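K.L.:
Structure file data.tsv (TSV, C-alpha atoms and all ligand atoms) is given on the next line.
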```tsv
chain	number	residue	atom	x	y	z
A	1	MET	CA	0.00	0.00	0.00
A	2	ILE	CA	-0.82	2.55	-0.84
A	3	LYS	CA	-0.80	6.10	-1.91
A	4	LYS	CA	-3.80	5.69	-4.13
A	5	SER	CA	-6.21	3.47	-2.28
A	6	ALA	CA	-9.86	3.72	-1.40
A	7	ILE	CA	-10.91	2.40	1.99
A	8	ILE	CA	-14.61	2.16	2.73
A	9	ILE	CA	-15.68	1.87	6.35
A	10	PHE	CA	-19.11	0.43	7.09
A	11	GLY	CA	-20.76	0.20	10.46
A	12	PRO	CA	-24.13	0.72	12.10
A	13	PRO	CA	-25.00	3.94	13.94
A	14	ASN	CA	-22.85	4.34	17.08
A	15	SER	CA	-20.36	1.73	15.93
A	16	GLY	CA	-17.57	4.32	15.98
A	17	LYS	CA	-17.36	4.29	12.20
A	18	GLY	CA	-16.79	8.04	11.91
A	19	THR	CA	-14.09	8.07	14.57
A	20	GLN	CA	-12.31	5.11	12.98
A	21	ALA	CA	-12.49	6.67	9.52
A	22	ARG	CA	-10.98	9.87	10.89
A	23	LEU	CA	-8.18	8.08	12.76
A	24	LEU	CA	-7.36	6.03	9.70
A	25	ALA	CA	-7.32	9.07	7.42
A	26	GLU	CA	-5.00	10.88	9.85
A	27	LYS	CA	-2.71	7.88	10.16
A	28	LEU	CA	-2.40	7.37	6.40
A	29	ASP	CA	-2.66	11.02	5.39
A	30	PHE	CA	-5.72	10.13	3.33
A	31	PHE	CA	-8.68	12.32	2.58
A	32	HIS	CA	-11.55	11.70	5.01
A	33	PHE	CA	-14.56	11.56	2.74
A	34	ILE	CA	-17.87	12.42	4.40
A	35	SER	CA	-20.39	12.75	1.62
A	36	SER	CA	-22.80	14.96	3.59
A	37	GLN	CA	-20.03	17.49	4.22
A	38	ILE	CA	-18.89	17.37	0.62
A	39	CYS	CA	-22.41	17.96	-0.66
A	40	LYS	CA	-22.91	20.81	1.79
A	41	HIS	CA	-19.67	22.45	0.71
A	42	TYR	CA	-20.59	22.03	-2.94
A	43	MET	CA	-23.95	23.69	-2.35
A	44	GLN	CA	-22.25	26.61	-0.61
A	45	THR	CA	-19.87	27.19	-3.51
A	46	HIS	CA	-22.04	26.57	-6.59
A	47	ASP	CA	-25.04	28.29	-8.11
A	48	ASP	CA	-26.05	26.30	-11.18
A	49	PRO	CA	-29.80	25.53	-11.52
A	50	GLU	CA	-29.46	21.90	-10.39
A	51	THR	CA	-27.51	22.86	-7.27
A	52	ILE	CA	-30.08	25.54	-6.47
A	53	ARG	CA	-32.78	22.86	-6.64
A	54	GLN	CA	-30.78	20.72	-4.19
A	55	LYS	CA	-30.37	23.68	-1.85
A	56	GLU	CA	-34.15	24.03	-1.79
A	57	LEU	CA	-34.57	20.36	-0.91
A	58	TYR	CA	-31.93	20.65	1.75
A	59	ALA	CA	-33.58	23.72	3.29
A	60	LYS	CA	-36.87	21.78	3.53
A	61	GLY	CA	-35.11	18.85	5.18
A	62	ILE	CA	-35.80	16.59	2.21
A	63	LEU	CA	-33.17	14.02	1.28
A	64	LEU	CA	-30.93	15.21	-1.52
A	65	ASP	CA	-31.39	13.63	-4.90
A	66	SER	CA	-29.28	10.45	-5.08
A	67	ALA	CA	-28.18	11.03	-8.67
A	68	TRP	CA	-26.91	14.47	-7.72
A	69	VAL	CA	-25.11	13.18	-4.60
A	70	PHE	CA	-23.51	10.51	-6.72
A	71	ARG	CA	-22.29	13.05	-9.27
A	72	ILE	CA	-20.76	15.27	-6.60
A	73	ALA	CA	-19.13	12.30	-4.88
A	74	LYS	CA	-17.64	11.13	-8.17
A	75	ARG	CA	-16.31	14.56	-8.97
A	76	LYS	CA	-14.69	14.96	-5.55
A	77	THR	CA	-13.23	11.45	-5.69
A	78	GLN	CA	-11.67	12.16	-9.06
A	79	GLU	CA	-10.24	15.44	-7.77
A	80	ILE	CA	-8.56	13.73	-4.81
A	81	PHE	CA	-7.38	10.83	-6.94
A	82	ASP	CA	-5.73	13.31	-9.30
A	83	GLN	CA	-3.80	14.69	-6.32
A	84	SER	CA	-2.37	11.18	-5.80
A	85	LYS	CA	-4.06	10.92	-2.47
A	86	GLY	CA	-5.94	8.00	-0.95
A	87	ILE	CA	-9.45	8.24	0.42
A	88	VAL	CA	-11.23	6.88	3.47
A	89	TYR	CA	-14.99	6.80	2.87
A	90	ASP	CA	-16.90	7.38	6.04
A	91	GLY	CA	-19.83	5.08	5.72
A	92	SER	CA	-21.77	4.35	2.74
A	93	LEU	CA	-22.35	6.88	0.07
A	94	ARG	CA	-26.03	6.82	0.79
A	95	ILE	CA	-26.30	3.23	0.22
A	96	LEU	CA	-27.43	0.74	-2.33
A	97	TYR	CA	-28.14	3.22	-5.07
A	98	GLU	CA	-24.64	4.45	-4.58
A	99	ALA	CA	-23.00	1.05	-4.05
A	100	GLU	CA	-24.20	-0.31	-7.36
A	101	ARG	CA	-22.96	2.72	-9.22
A	102	PHE	CA	-20.11	3.84	-7.05
A	103	TYR	CA	-18.29	0.54	-6.70
A	104	PRO	CA	-17.66	0.10	-10.46
A	105	PHE	CA	-16.53	3.72	-10.61
A	106	LEU	CA	-14.00	3.10	-7.81
A	107	VAL	CA	-12.79	-0.09	-9.46
A	108	ASP	CA	-12.14	1.76	-12.71
A	109	LEU	CA	-10.32	4.53	-10.91
A	110	PHE	CA	-8.28	2.80	-8.21
A	111	GLY	CA	-8.18	-0.80	-9.44
A	112	LYS	CA	-9.92	-3.55	-7.51
A	113	GLU	CA	-6.84	-4.52	-5.52
A	114	ASN	CA	-6.56	-0.99	-4.15
A	115	ILE	CA	-10.04	-0.97	-2.67
A	116	LYS	CA	-10.48	-2.13	0.91
A	117	ILE	CA	-13.83	-2.54	2.58
A	118	VAL	CA	-14.04	-2.73	6.36
A	119	GLU	CA	-17.15	-3.57	8.36
A	120	ILE	CA	-17.18	-2.64	12.04
A	121	LYS	CA	-19.33	-5.17	13.86
A	122	VAL	CA	-21.15	-4.21	17.04
A	123	ASP	CA	-24.06	-5.99	18.68
A	124	GLU	CA	-27.33	-4.05	18.60
A	125	GLU	CA	-27.75	-4.03	22.39
A	126	GLU	CA	-24.32	-2.46	22.74
A	127	LEU	CA	-25.23	0.14	20.11
A	128	ARG	CA	-28.37	1.02	22.04
A	129	LYS	CA	-26.33	1.55	25.22
A	130	ARG	CA	-23.86	3.71	23.39
A	131	SER	CA	-26.53	5.91	21.83
A	132	ALA	CA	-27.43	7.16	25.30
A	133	LYS	CA	-23.81	8.14	25.91
A	134	ARG	CA	-22.69	9.84	22.74
A	135	LEU	CA	-21.33	13.35	22.60
A	136	ILE	CA	-20.75	15.11	19.31
A	137	CYS	CA	-18.74	18.22	18.55
A	138	GLU	CA	-20.90	21.15	17.45
A	139	LYS	CA	-18.22	22.19	14.94
A	140	ASP	CA	-17.38	18.84	13.36
A	141	SER	CA	-19.77	15.90	13.45
A	142	SER	CA	-16.93	13.45	12.88
A	143	HIS	CA	-15.68	14.27	16.40
A	144	VAL	CA	-17.63	11.75	18.43
A	145	PHE	CA	-16.93	10.87	22.05
A	146	ILE	CA	-18.46	8.77	24.78
A	147	LEU	CA	-19.82	10.44	27.88
A	148	SER	CA	-17.44	10.09	30.82
A	149	GLU	CA	-16.37	11.93	33.96
A	150	GLU	CA	-14.10	14.19	31.90
A	151	LEU	CA	-16.35	14.52	28.88
A	152	GLN	CA	-19.79	16.01	29.46
A	153	PRO	CA	-22.18	18.14	27.42
A	154	GLY	CA	-20.57	21.58	27.26
A	155	THR	CA	-17.00	20.28	27.58
A	156	PRO	CA	-14.62	21.69	24.92
A	157	CYS	CA	-14.02	19.21	22.11
A	158	PRO	CA	-10.70	17.37	22.65
A	159	GLU	CA	-9.91	18.08	18.99
A	160	GLY	CA	-9.75	21.75	19.94
A	161	ASP	CA	-12.52	23.31	17.87
A	162	GLY	CA	-16.06	23.33	19.26
A	163	VAL	CA	-18.03	22.23	22.28
A	164	LEU	CA	-19.43	18.73	22.86
A	165	GLN	CA	-23.19	18.23	22.85
A	166	LYS	CA	-25.73	15.48	23.06
A	167	ARG	CA	-27.69	15.20	19.87
A	168	ASP	CA	-31.43	14.71	19.68
A	169	ILE	CA	-30.78	12.05	17.11
A	170	ASP	CA	-29.45	9.85	19.89
A	171	ASP	CA	-32.85	9.58	21.56
A	172	GLU	CA	-34.16	6.06	21.92
A	173	SER	CA	-36.87	6.28	19.27
A	174	LEU	CA	-34.53	7.92	16.81
A	175	PHE	CA	-32.00	5.22	17.52
A	176	ARG	CA	-34.61	2.69	16.36
A	177	THR	CA	-35.23	4.73	13.21
A	178	ARG	CA	-31.54	4.92	12.41
A	179	MET	CA	-31.10	1.19	13.00
A	180	ASP	CA	-34.06	0.42	10.73
A	181	GLU	CA	-32.63	2.69	8.10
A	182	TYR	CA	-29.27	0.96	8.42
A	183	ASN	CA	-30.86	-2.47	8.09
A	184	GLU	CA	-33.13	-1.50	5.23
A	185	ARG	CA	-30.79	0.69	3.21
A	186	THR	CA	-27.16	0.13	4.13
A	187	ILE	CA	-27.18	-3.64	4.62
A	188	PRO	CA	-28.43	-4.33	1.05
A	189	GLY	CA	-25.63	-2.09	-0.22
A	190	LEU	CA	-23.10	-3.94	1.88
A	191	ASP	CA	-24.46	-7.32	0.75
A	192	PHE	CA	-24.15	-6.16	-2.82
A	193	LEU	CA	-20.49	-5.32	-2.20
A	194	LYS	CA	-19.86	-8.60	-0.36
A	195	ASN	CA	-20.79	-10.47	-3.53
A	196	LYS	CA	-18.13	-8.59	-5.43
A	197	HIS	CA	-15.38	-7.83	-2.98
A	198	PRO	CA	-13.75	-9.19	0.18
A	199	VAL	CA	-15.03	-7.39	3.27
A	200	ILE	CA	-12.82	-7.25	6.35
A	201	GLU	CA	-14.80	-7.64	9.57
A	202	VAL	CA	-13.49	-5.92	12.68
A	203	ASN	CA	-14.80	-6.32	16.22
A	204	GLY	CA	-16.11	-2.88	17.19
A	205	GLU	CA	-16.81	-3.82	20.81
A	206	GLN	CA	-13.36	-2.81	21.98
A	207	SER	CA	-11.63	0.44	22.84
A	208	ILE	CA	-11.28	3.03	20.06
A	209	LEU	CA	-7.53	2.45	19.95
A	210	LYS	CA	-7.85	-1.34	19.79
A	211	VAL	CA	-10.36	-1.14	16.96
A	212	HIS	CA	-8.03	1.25	15.15
A	213	GLN	CA	-5.12	-1.16	15.58
A	214	ASP	CA	-7.23	-4.08	14.39
A	215	ILE	CA	-8.16	-2.17	11.25
A	216	LEU	CA	-4.51	-1.32	10.54
A	217	LEU	CA	-3.59	-4.94	11.11
A	218	ALA	CA	-6.34	-6.20	8.82
A	219	LEU	CA	-5.20	-3.76	6.14
A	220	LYS	CA	-1.63	-4.97	6.72
A	221	LEU	CA	-0.48	-1.48	7.64
A	222	THR	CA	1.24	-2.12	10.94
A	301	ZN	ZN	-14.39	18.99	17.50
```
If you took the structure in this file and wrote it as structure tokens, what would it be?
Ligand SMILES: [Zn+2]
P.N.:
Amino acid sequence: MIKKSAIIIFGPPNSGKGTQARLLAEKLDFFHFISSQICKHYMQTHDDPETIRQKELYAKGILLDSAWVFRIAKRKTQEIFDQSKGIVYDGSLRILYEAERFYPFLVDLFGKENIKIVEIKVDEEELRKRSAKRLICEKDSSHVFILSEELQPGTPCPEGDGVLQKRDIDDESLFRTRMDEYNERTIPGLDFLKNKHPVIEVNGEQSILKVHQDILLALKLT
């Protein structure tokens, strides 16, 4: 490995997927690809008719058009690839629609052998417990921490930017909704990929550091 590789991290809500993607990107000096952030940035910096339509959807809280998201993700991926940089994809690019189209695109660009797919496995009961204890940075949603004596709502983010908060999305009923969405939308995308590509499973029920080390080990990067 691996200047030009694509690593895709899958995991259910609260599995630590975002944290692991960030740690991995830092470790490898890869681009940390969060499609929601990339779409948001694109909307802020473009004014063509199609983007204006997406901005209207976004303002109403309606899900962005998948075909548009896919186009933006492709464009950004190409841009980073052209800089000879690798990419860590944080989660699915909005799922099966994207998997079916995005995977062949990545294969063409990076070559199959340079694509690694990692699935972080965590039992649902453990995920439920974690959802009650999550703190998220107000400035950067990839900064996720677990409630502890040192880390409370209102504590400065250890990454040095914002303040940590509990998110409404972590409420019990919303947890159920996010799990259902994961099972109904992400799992089919992951199954689709499993038929085409080896998927490395990592035990997510360990400390953040241990999970990170296991991922490096599985990617043969230690
Ligand atoms: Zn932060």
K.L.:
When the cut-off is 10 Å and you count only C-alpha atoms and all ligand atoms, which residues lie near ligand ZN 301 (chain A), shown as a ChimeraX atom specification?
P.N.:
/A:136-145,156-164
K.L.:
What lies within 10 Å of Phe192 (chain A) using only C-alpha atoms, ignoring chain neighbours under 6 positions off, as a list of chain:residue names?
P.N.:
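Surrounding residues, per the criterion: A:Leu96, A:Ala99, A:Glu100, A:Tyr103, A:Thr186.
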K.L.:
Between CA of Ile9 (chain A) and CA of Phe110 (chain A), what distance in Å does the model show, to one decimal?
P.N.:
16.4 Å
K.L.:
Using only C-alpha atoms, determine which residues lie at most 12 Å from Asp123 (chain A), disregarding the query and same-chain residues fewer than 6 positions distant; provide the list as a compact mmCIF listing (two decimals) with C-alpha atoms, in the coordinates of the input.
P.N.:
```txt
# COMPACT_ATOMS: atom_id res chain seq x y z
CA GLY A 11 -20.76 0.20 10.46
CA PRO A 12 -24.13 0.72 12.10
CA PRO A 13 -25.00 3.94 13.94
CA ASN A 14 -22.85 4.34 17.08
CA SER A 15 -20.36 1.73 15.93
CA LYS A 129 -26.33 1.55 25.22
CA ARG A 130 -23.86 3.71 23.39
CA MET A 179 -31.10 1.19 13.00
CA ASN A 203 -14.80 -6.32 16.22
CA GLY A 204 -16.11 -2.88 17.19
CA GLU A 205 -16.81 -3.82 20.81
CA GLN A 206 -13.36 -2.81 21.98
```
K.L.:
Rank nothing, just name the residue among A:Phe10, A:Tyr182, A:Phe175, A:Phe105 nearest to Gln78 (chain A), using all atoms listed in the file.
P.N.:
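Smallest separation from Gln78 (chain A) among the options: A:Phe105.
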K.L.:
Excluding same-chain residues fewer than 2 positions from Ile200 (chain A), what lies within 8 Å of it counting all atoms listed in the file, as a list of chain:residue names?
P.N.:
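Here the answer would be A:Lys116, A:Ile117, A:Val118, A:Glu119, A:Pro198, A:Val202, A:Ala218.
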K.L.:
Show which residues sit within 12 Å of Leu64 (chain A), as an mmCIF file with C-alpha atoms, keeping the file's coordinate frame. Count all atoms listed in the file, and ignore same-chain residues fewer than 3 positions away.
P.N.:
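New file around-v7.cif:
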```
data_model
loop_
_atom_site.group_PDB
_atom_site.id
_atom_site.type_symbol
_atom_site.label_atom_id
_atom_site.label_comp_id
_atom_site.auth_asym_id
_atom_site.auth_seq_id
_atom_site.Cartn_x
_atom_site.Cartn_y
_atom_site.Cartn_z
ATOM 1 C CA SER A 35 -20.390 12.750 1.620
ATOM 2 C CA SER A 36 -22.800 14.960 3.590
ATOM 3 C CA CYS A 39 -22.410 17.960 -0.660
ATOM 4 C CA LYS A 40 -22.910 20.810 1.790
ATOM 5 C CA MET A 43 -23.950 23.690 -2.350
ATOM 6 C CA GLU A 50 -29.460 21.900 -10.390
ATOM 7 C CA THR A 51 -27.510 22.860 -7.270
ATOM 8 C CA ILE A 52 -30.080 25.540 -6.470
ATOM 9 C CA ARG A 53 -32.780 22.860 -6.640
ATOM 10 C CA GLN A 54 -30.780 20.720 -4.190
ATOM 11 C CA LYS A 55 -30.370 23.680 -1.850
ATOM 12 C CA GLU A 56 -34.150 24.030 -1.790
ATOM 13 C CA LEU A 57 -34.570 20.360 -0.910
ATOM 14 C CA TYR A 58 -31.930 20.650 1.750
ATOM 15 C CA ALA A 59 -33.580 23.720 3.290
ATOM 16 C CA LYS A 60 -36.870 21.780 3.530
ATOM 17 C CA GLY A 61 -35.110 18.850 5.180
ATOM 18 C CA ALA A 67 -28.180 11.030 -8.670
ATOM 19 C CA TRP A 68 -26.910 14.470 -7.720
ATOM 20 C CA VAL A 69 -25.110 13.180 -4.600
ATOM 21 C CA PHE A 70 -23.510 10.510 -6.720
ATOM 22 C CA ARG A 71 -22.290 13.050 -9.270
ATOM 23 C CA ILE A 72 -20.760 15.270 -6.600
ATOM 24 C CA ARG A 94 -26.030 6.820 0.790
#
```
K.L.:
Could you work out how far CA of Leu217 (chain A) lies from CA of Asn183 (chain A), giving the answer in Å with one decimal?
P.N.:
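Calculated distance between CA of Asn183 (chain A) and CA of Leu217 (chain A) is 27.5 Å.
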K.L.:
Which residue out of A:Asp180, A:Glu98, A:Glu26, A:Glu79 has the minimum interatomic distance to Glu124 (chain A) when only C-alpha atoms are used?
P.N.:
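Counting only C-alpha atoms, the residue closest to Glu124 (chain A) is A:Asp180.
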K.L.:
Any idea what the distance is between CA of Pro188 (chain A) and CA of Leu28 (chain A)?
P.N.:
29.0 Å
K.L.:
So which one's closest to Leu193 (chain A), A:Lys112, A:Ser5, A:Gly18, A:Asp29? Using all atoms listed in the file, please.
P.N.:
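So, comparing all the options, the nearest one is A:Lys112.
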K.L.:
Using only C-alpha atoms, which protein or nucleic acid residues come within 6 Å of Phe30 (chain A)? Drop anything in the same chain fewer than 5 positions from it, and give the result as a PyMOL selection string.
P.N.:
chain A and resi 25+86-87
K.L.:
Keeping C-alpha atoms for every residue in the selection just given, could you write it to a file as a tab-separated table (two decimals), keeping the file's coordinate frame?
P.N.:
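As a result, result13.tsv now contains:
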```tsv
chain	number	residue	atom	x	y	z
A	25	ALA	CA	-7.32	9.07	7.42
A	86	GLY	CA	-5.94	8.00	-0.95
A	87	ILE	CA	-9.45	8.24	0.42
```
